[in-house]
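Here is the structure we will look at.
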Amino acid sequence: MGGTPPGAFAPVRRGGASGGHGDRRTGRGGKPRFGFGLVGPRRERHAVPVDQLGALALPVGDDGVVVGVDAEGRPAVLGINRPTAYDVTLIGGLWTAQVLALRAAATGARIAVETGRAQVWTALAQAAGGGQPCIALHDVGRVPPQGASAGSPVVVIRDCGMRPPRGRVVSGPWQSVVTLLPYLSPVAPRLLEKSSLVGVQRVSPDEAARIGRIMGLQQAEWEALSTLADGVTLWCTPGDRQFVMTQATDAETGLLGGARRMD
């Protein structure tokens, strides 16, 4: 019994050789190309000598939010979106916190702002995300569960004044909490000690000395804290210290104005 062998694909021709369906495009050697589209361009392979492979290297930096540049002009990155709980305390100005919120949102994170001064965050929340609700504002103590996940990380920014109450929503997997303090308040030592990352902007000499003792800073580091320019932050982890200059983009400047320590 003749016919197509089992497993073979036998296209059915409809019409004669010169009919509409019989006039098919062909590939190499005139063989039909059923279902494979048009023949693409053919080029010779490119070869690179081994001693020139280095020219093809691409710079790859750390993963996270670019908060500025370090003293050598290299990008400074904060890894805020993590699979473990991550607490950040920033003793500084609203401007830096809002730039951080914008850039975290640009990485795909949802931002929940807990604040008692919603009026200073409203324009930012409306402008961020290109019309998508990526920054939500909540009254102090009224942040609902955020449902953070690897595919939808969350950054909670607590802008609750000098004595922020204990938050209902705490840090956890894929949910970081950033607490903004305008100055070294009575609750600051507790927050600094439990934070994974601490940022300090310009403070008074007395505050600088106290922060130096709490964070174990070298004398040159804590003495510099009272002389920092607007937009400069000392970011500290248990094993690292880095001064970072945050430089706003044109869009950020148009929305938030220039860098400033005081609000």
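In the structure tokens, the first chain shown is A, the next is B, and so on; residue numbers restart at 1 for each chain, and ligands run from 1 in the order shown.
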Check range 202-258 of chain A with DSSP on the backbone and list each residue it calls alpha helix (DSSP H), as an NGL selection string. :A and (205-215 or 219-224 or 250-256)
Could those residues be written to a file, using N, CA, C and O atoms, as a short mmCIF file (atom, residue, chain, number, x, y, z; two decimals), in the first residue's frame?
```
data_model
loop_
_atom_site.label_atom_id
_atom_site.label_comp_id
_atom_site.auth_asym_id
_atom_site.auth_seq_id
_atom_site.Cartn_x
_atom_site.Cartn_y
_atom_site.Cartn_z
N PRO A 205 27.80 69.79 63.73
CA PRO A 205 29.00 69.11 64.26
C PRO A 205 28.68 68.19 65.43
O PRO A 205 29.26 67.10 65.54
N ASP A 206 27.78 68.60 66.33
CA ASP A 206 27.42 67.74 67.46
C ASP A 206 26.74 66.47 66.98
O ASP A 206 27.04 65.37 67.47
N GLU A 207 25.81 66.62 66.04
CA GLU A 207 25.14 65.43 65.50
C GLU A 207 26.13 64.54 64.77
O GLU A 207 26.05 63.30 64.86
N ALA A 208 27.07 65.14 64.05
CA ALA A 208 28.07 64.36 63.33
C ALA A 208 28.90 63.51 64.29
O ALA A 208 29.18 62.33 64.01
N ALA A 209 29.29 64.09 65.43
CA ALA A 209 30.08 63.34 66.40
C ALA A 209 29.27 62.17 66.98
O ALA A 209 29.80 61.06 67.15
N ARG A 210 27.99 62.40 67.27
CA ARG A 210 27.16 61.32 67.81
C ARG A 210 26.96 60.22 66.77
O ARG A 210 27.02 59.03 67.10
N ILE A 211 26.72 60.61 65.53
CA ILE A 211 26.55 59.60 64.47
C ILE A 211 27.85 58.82 64.30
O ILE A 211 27.83 57.59 64.09
N GLY A 212 28.98 59.50 64.39
CA GLY A 212 30.26 58.82 64.27
C GLY A 212 30.44 57.75 65.33
O GLY A 212 30.95 56.66 65.04
N ARG A 213 30.01 58.05 66.57
CA ARG A 213 30.13 57.05 67.64
C ARG A 213 29.20 55.87 67.39
O ARG A 213 29.57 54.71 67.58
N ILE A 214 27.96 56.15 66.96
CA ILE A 214 26.99 55.07 66.75
C ILE A 214 27.41 54.17 65.60
O ILE A 214 27.32 52.94 65.71
N MET A 215 27.90 54.76 64.52
CA MET A 215 28.22 54.02 63.31
C MET A 215 29.68 53.55 63.26
O MET A 215 30.06 52.85 62.33
N GLN A 219 37.39 59.48 62.29
CA GLN A 219 37.25 60.90 62.60
C GLN A 219 37.08 61.74 61.34
O GLN A 219 36.24 62.64 61.29
N ALA A 220 37.87 61.44 60.32
CA ALA A 220 37.76 62.22 59.08
C ALA A 220 36.38 62.07 58.45
O ALA A 220 35.88 63.03 57.83
N GLU A 221 35.76 60.91 58.60
CA GLU A 221 34.44 60.67 58.01
C GLU A 221 33.37 61.46 58.75
O GLU A 221 32.56 62.16 58.11
N TRP A 222 33.34 61.36 60.09
CA TRP A 222 32.26 62.07 60.78
C TRP A 222 32.48 63.57 60.81
O TRP A 222 31.51 64.35 60.83
N GLU A 223 33.73 64.03 60.78
CA GLU A 223 33.96 65.47 60.72
C GLU A 223 33.49 66.05 59.39
O GLU A 223 33.05 67.21 59.33
N ALA A 224 33.53 65.26 58.34
CA ALA A 224 33.08 65.75 57.03
C ALA A 224 31.57 65.92 56.95
O ALA A 224 31.07 66.66 56.09
N ASP A 250 17.44 65.92 34.02
CA ASP A 250 16.63 67.08 33.65
C ASP A 250 15.17 66.88 34.08
O ASP A 250 14.52 67.83 34.57
N ALA A 251 14.65 65.67 33.89
CA ALA A 251 13.26 65.41 34.28
C ALA A 251 13.09 65.52 35.79
O ALA A 251 12.08 66.07 36.27
N GLU A 252 14.05 65.02 36.55
CA GLU A 252 13.97 65.11 38.02
C GLU A 252 14.06 66.56 38.48
O GLU A 252 13.34 66.97 39.40
N THR A 253 14.94 67.33 37.84
CA THR A 253 15.07 68.73 38.22
C THR A 253 13.78 69.49 37.91
O THR A 253 13.34 70.34 38.70
N GLY A 254 13.18 69.19 36.76
CA GLY A 254 11.93 69.87 36.42
C GLY A 254 10.81 69.56 37.40
O GLY A 254 9.94 70.40 37.64
N LEU A 255 10.83 68.36 37.97
CA LEU A 255 9.78 67.96 38.89
C LEU A 255 10.08 68.34 40.33
O LEU A 255 9.19 68.81 41.07
N LEU A 256 11.34 68.18 40.75
CA LEU A 256 11.69 68.34 42.16
C LEU A 256 12.54 69.58 42.45
O LEU A 256 12.72 69.93 43.62
#
```
Among range 46-155 of chain A, which residues carry a DSSP assignment of strand (DSSP E), reported as a count of residues only? 27
Find the spatial neighbours of range 155-157 of chain A, counting only C-alpha atoms, within a cut-off of 8 Å - ignore same-chain residues fewer than 6 positions away - and output them as a VMD selection string. chain A and resid 80 to 81 101 104 109 to 114 175 to 180
Compare A:Ala105, A:Val48, A:Ile91, A:Val140 by their minimum atom-to-atom distance to Leu225 in chain A, counting only C-alpha atoms, and give me the closest one. A:Ile91
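Restricting the calculation to only C-alpha atoms, the smallest distance between Trp95 in chain A and any of A:Met262, A:Val169, A:Leu197, A:Leu78 is found for A:Met262.
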From the list A:Ala76, A:Leu94, A:Val244, A:Ala125, which residue is nearest Arg260 in chain A when using only C-alpha atoms? A:Leu94
Name all residues at most 7 Å from range 245-248 of chain A (count only C-alpha atoms; drop same-chain ones fewer than 4 positions away) and give them as a PyMOL selection string. chain A and resi 67-70+231-233+252-253
One residue among A:Ser185, A:Ser171, A:Ser196, A:Thr107 is nearest to Gly151 in chain A when using only C-alpha atoms, and that residue is A:Thr107
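In this structure, CA of Trp235 in chain A sits 28.5 Å away from CA of Pro145 in chain A.
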Gly161 in chain A: which residues within 10 Å, counting only C-alpha atoms, same-chain residues fewer than 3 positions away excluded, as a VMD selection string? chain A and resid 115 to 117 158 164 to 165 179 to 183 185
Mind dumping the selected residues with N, CA and C atoms as a short mmCIF file (atom, residue, chain, number, x, y, z; two decimals), in the first residue's frame?
```
data_model
loop_
_atom_site.label_atom_id
_atom_site.label_comp_id
_atom_site.auth_asym_id
_atom_site.auth_seq_id
_atom_site.Cartn_x
_atom_site.Cartn_y
_atom_site.Cartn_z
N THR A 115 3.23 59.13 55.07
CA THR A 115 3.62 60.50 55.35
C THR A 115 2.49 61.29 55.99
N GLY A 116 2.89 62.25 56.80
CA GLY A 116 1.95 63.19 57.37
C GLY A 116 1.90 64.50 56.62
N ARG A 117 2.60 64.59 55.51
CA ARG A 117 2.59 65.79 54.66
C ARG A 117 2.42 65.37 53.20
N ARG A 158 9.01 55.88 54.71
CA ARG A 158 8.35 56.44 55.90
C ARG A 158 8.85 57.87 56.12
N PRO A 164 9.09 58.92 64.21
CA PRO A 164 8.15 58.04 63.50
C PRO A 164 7.67 56.91 64.40
N PRO A 165 6.37 56.67 64.44
CA PRO A 165 5.87 55.55 65.23
C PRO A 165 6.29 54.23 64.59
N THR A 179 13.35 54.81 56.07
CA THR A 179 12.85 55.78 57.04
C THR A 179 13.63 57.08 56.89
N LEU A 180 12.91 58.16 56.65
CA LEU A 180 13.52 59.48 56.48
C LEU A 180 13.44 60.25 57.79
N LEU A 181 14.60 60.69 58.28
CA LEU A 181 14.66 61.55 59.46
C LEU A 181 15.32 62.87 59.06
N PRO A 182 14.70 64.00 59.37
CA PRO A 182 15.33 65.28 58.99
C PRO A 182 16.60 65.57 59.78
N TYR A 183 16.65 65.09 61.04
CA TYR A 183 17.80 65.31 61.90
C TYR A 183 17.99 64.08 62.78
N SER A 185 17.24 62.42 65.64
CA SER A 185 16.19 62.50 66.65
C SER A 185 16.46 61.48 67.76
#
```
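Closest approach to Asp263 in chain A among A:Gly108, A:Gly141, A:Gly73, A:Gly93: A:Gly93, based on only C-alpha atoms.
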Considering only C-alpha atoms, state which residue in the set A:Asp159, A:Glu72, A:Asp87, A:Asp240 is at the smallest distance from Ser195 in chain A. A:Asp87
